[in-house]
Amino acid sequence: MKGKKRDDAHWILPFYKATLLTLKNLDFMSEYLHGYNDVEFERLLHQATFLAPFIFEKLDFSHACFVLEPGCGVGAQTKLLAEKNPNTQLVAFDREATAIQKATEWLQNWSDLQHQIQFLHADAGQLKSKFENYFDTCYICWMLEHVTHPVDFLMGIKPLLKKDCQVYVTEVQNETLQLFPNCHKTLRFWEAICAHQISIGGDPYVGLKCAEYLEKAGYNNIVQIPYNIRLDSSNQEKLREMIEYWTNLMRSVSPYLPENLWEGVEDELIALSKQPDAYFSYTFIQTFASL
Ligand SMILES: C[S@@+](CC[C@H](N)C(=O)[O-])C[C@H]1O[C@@H](n2cnc3c(N)ncnc32)[C@H](O)[C@@H]1O
């Protein structure tokens, strides 16, 4: 079954790229590491809520009126942004039609947010005619890690942004994952995920590079802040939740990696969450800039 999924993934990619031929800037694209399916869509929804206290802690939207969210996926973060900032208008776009379709379906149920959010299946170039020089805030999260040419992408959205637009980029820095004790299988699996992501055109270490990318793309006032999440068994419940979240994240990539690599990983993580001297540490990177 897993082997079949891997075959499907290879078959789907050319088909999927072909369906996107109407979109410009195909060279921005990498294959999406987690695949597009209902399990992944649910994972993104849970992820947004679970990580929100960390991601939003240092971001200030008090002056935001028109917010652009590239790579919004199923709109999980868009929903949170709209709820937290009721005076904003959000335009959220993604290159993946099924993700935007899901986001649009959910928006039907969020009647009080409908006047605030527009979801669009598009790339940045397609938005230019309607939204040139329009946004005062741009929010990018867990997206540049899936982009093959981030500088080109960051240049591509510039025509949509007003002068002084505030840009917030939150990205992965995957070598910072630390699990203690005894997580050899998990860490081996994590390394395999990172290698796979690179092989399909993404970058699991993009976080610390974002300052340079923003500078090359012509942004100003660049500030980079590492955000460390460290949990240990003094807060067993939070540690357990974090390990469960990480297990789901890794499981979502397991169909695309050799089957034997996943063996024993879940057991190791369950054991870790019960261990009296356990700790988890991960550092993601936030980069702020303006135009
Ligand atoms: C990990 S998901 C994150 C979704 C959302 N930001 C969140 O945190 O829930 C990354 C998304 O970026 C999208 N993406 C990647 N490259 C893109 C591009 N060049 N233009 C638009 N969307 C893109 C993918 O299709 C995917 O849905």
# chains A, B, ... in the order shown; residues from 1 in each chain; ligands from 1

$ residues_near_ligand --ligand "ligand 1" --cutoff "9 Å" --atoms "only C-alpha atoms and all ligand atoms" --output "number ranges by chain"
A: 25-36, 41, 43-48, 69-78, 93-97, 99-100, 121-124, 139-150, 153

$ residues_around --residues "Val172 in chain A" --least-positions-apart "2" --cutoff "12 Å" --atoms "only C-alpha atoms" --output "number ranges by chain"
A: 55, 140-146, 169-170, 174-177, 194, 202-210, 226-228, 282-287

$ write_last_selection --atoms "C-alpha atoms" --output "compact mmCIF listing (two decimals), in the first residue's frame"
# COMPACT_ATOMS: atom_id res chain seq x y z
CA ILE A 55 3.86 32.04 15.98
CA ILE A 140 4.08 34.11 5.09
CA CYS A 141 4.22 30.99 7.23
CA TRP A 142 5.69 27.52 6.54
CA MET A 143 5.66 28.31 2.83
CA LEU A 144 9.11 29.34 1.61
CA GLU A 145 10.38 25.92 2.69
CA HIS A 146 8.34 24.57 -0.26
CA VAL A 169 7.98 35.41 7.50
CA THR A 170 7.92 32.37 9.82
CA ASN A 174 14.92 21.68 10.87
CA GLU A 175 18.38 20.82 12.14
CA THR A 176 17.37 22.43 15.46
CA LEU A 177 15.12 19.51 16.46
CA CYS A 194 14.95 16.78 5.26
CA GLY A 202 12.28 22.52 -1.00
CA ASP A 203 14.52 23.65 1.84
CA PRO A 204 14.14 22.41 5.43
CA TYR A 205 16.83 24.87 6.56
CA VAL A 206 15.33 27.97 4.93
CA GLY A 207 14.60 29.89 8.16
CA LEU A 208 18.03 31.42 8.72
CA LYS A 209 18.38 32.17 5.01
CA CYS A 210 15.25 34.33 4.90
CA PRO A 226 14.84 32.71 16.47
CA TYR A 227 11.92 31.32 18.46
CA ASN A 228 12.87 28.38 20.64
CA TYR A 282 12.92 23.10 18.27
CA THR A 283 13.73 26.56 16.99
CA PHE A 284 11.80 28.17 14.16
CA ILE A 285 12.88 31.46 12.63
CA GLN A 286 10.86 34.63 12.24
CA THR A 287 12.11 37.29 9.86

$ residues_around --residues "Glu237 in chain A" --least-positions-apart "6" --cutoff "12 Å" --atoms "only C-alpha atoms" --output "ChimeraX atom specification"
/A:231,243-244,273-275

$ residues_around --residues "Thr88 in chain A" --least-positions-apart "4" --cutoff "8 Å" --atoms "only C-alpha atoms" --output "list in words"
Ala64, Cys65, Phe66, Val67, Ala82 and Gln116 of chain A

$ select_by_dssp --residues "range 70-117 of chain A" --states "alpha helix (DSSP H)" --output "ChimeraX atom specification"
/A:76-84,97-109

$ closest_residue --among "A:Glu241, A:Gln173, A:Ile198, A:Leu291" --to "Tyr219 in chain A" --atoms "only C-alpha atoms"
A:Leu291

$ closest_residue --among "A:Met242, A:Leu107, A:Leu68, A:Ile229" --to "Leu90 in chain A" --atoms "only C-alpha atoms"
A:Leu68

$ residues_around --residues "Pro181 in chain A" --least-positions-apart "5" --cutoff "12 Å" --atoms "only C-alpha atoms" --output "PyMOL selection string"
chain A and resi 186-187+232-233+268-269+271-281

$ write_last_selection --atoms "N, CA and C atoms" --output "mmCIF file, in the first residue's frame"
data_model
loop_
_atom_site.group_PDB
_atom_site.id
_atom_site.type_symbol
_atom_site.label_atom_id
_atom_site.label_comp_id
_atom_site.auth_asym_id
_atom_site.auth_seq_id
_atom_site.Cartn_x
_atom_site.Cartn_y
_atom_site.Cartn_z
ATOM 1 N N THR A 186 13.842 8.113 15.356
ATOM 2 C CA THR A 186 13.091 9.326 15.010
ATOM 3 C C THR A 186 14.009 10.352 14.336
ATOM 4 N N LEU A 187 15.191 10.509 14.911
ATOM 5 C CA LEU A 187 16.089 11.517 14.336
ATOM 6 C C LEU A 187 16.617 11.074 12.969
ATOM 7 N N ASP A 232 10.018 20.133 28.696
ATOM 8 C CA ASP A 232 10.551 18.939 29.358
ATOM 9 C C ASP A 232 9.481 18.331 30.245
ATOM 10 N N SER A 233 9.873 17.292 30.958
ATOM 11 C CA SER A 233 8.865 16.530 31.689
ATOM 12 C C SER A 233 8.321 17.277 32.910
ATOM 13 N N GLU A 268 8.930 4.878 19.705
ATOM 14 C CA GLU A 268 9.986 5.657 20.347
ATOM 15 C C GLU A 268 9.425 6.984 20.881
ATOM 16 N N LEU A 269 8.551 7.582 20.091
ATOM 17 C CA LEU A 269 7.986 8.881 20.494
ATOM 18 C C LEU A 269 6.999 8.731 21.652
ATOM 19 N N ALA A 271 7.173 6.425 23.929
ATOM 20 C CA ALA A 271 8.025 6.196 25.109
ATOM 21 C C ALA A 271 8.629 7.512 25.591
ATOM 22 N N LEU A 272 9.035 8.339 24.633
ATOM 23 C CA LEU A 272 9.642 9.628 25.003
ATOM 24 C C LEU A 272 8.677 10.479 25.823
ATOM 25 N N SER A 273 7.411 10.492 25.389
ATOM 26 C CA SER A 273 6.455 11.378 26.069
ATOM 27 C C SER A 273 6.180 10.934 27.510
ATOM 28 N N LYS A 274 6.596 9.701 27.872
ATOM 29 C CA LYS A 274 6.372 9.220 29.249
ATOM 30 C C LYS A 274 7.656 9.243 30.081
ATOM 31 N N GLN A 275 8.738 9.564 29.431
ATOM 32 C CA GLN A 275 10.058 9.472 30.076
ATOM 33 C C GLN A 275 10.226 10.600 31.117
ATOM 34 N N PRO A 276 10.699 10.292 32.332
ATOM 35 C CA PRO A 276 10.784 11.337 33.366
ATOM 36 C C PRO A 276 11.826 12.420 33.060
ATOM 37 N N ASP A 277 12.901 12.081 32.302
ATOM 38 C CA ASP A 277 13.929 13.098 32.036
ATOM 39 C C ASP A 277 13.892 13.571 30.570
ATOM 40 N N ALA A 278 12.731 13.442 29.933
ATOM 41 C CA ALA A 278 12.647 13.772 28.494
ATOM 42 C C ALA A 278 12.698 15.276 28.249
ATOM 43 N N TYR A 279 13.236 15.655 27.105
ATOM 44 C CA TYR A 279 12.999 17.015 26.639
ATOM 45 C C TYR A 279 12.888 17.073 25.123
ATOM 46 N N PHE A 280 12.213 18.137 24.685
ATOM 47 C CA PHE A 280 11.997 18.432 23.268
ATOM 48 C C PHE A 280 12.458 19.867 23.059
ATOM 49 N N SER A 281 13.165 20.099 21.972
ATOM 50 C CA SER A 281 13.523 21.479 21.645
ATOM 51 C C SER A 281 13.502 21.662 20.126
#
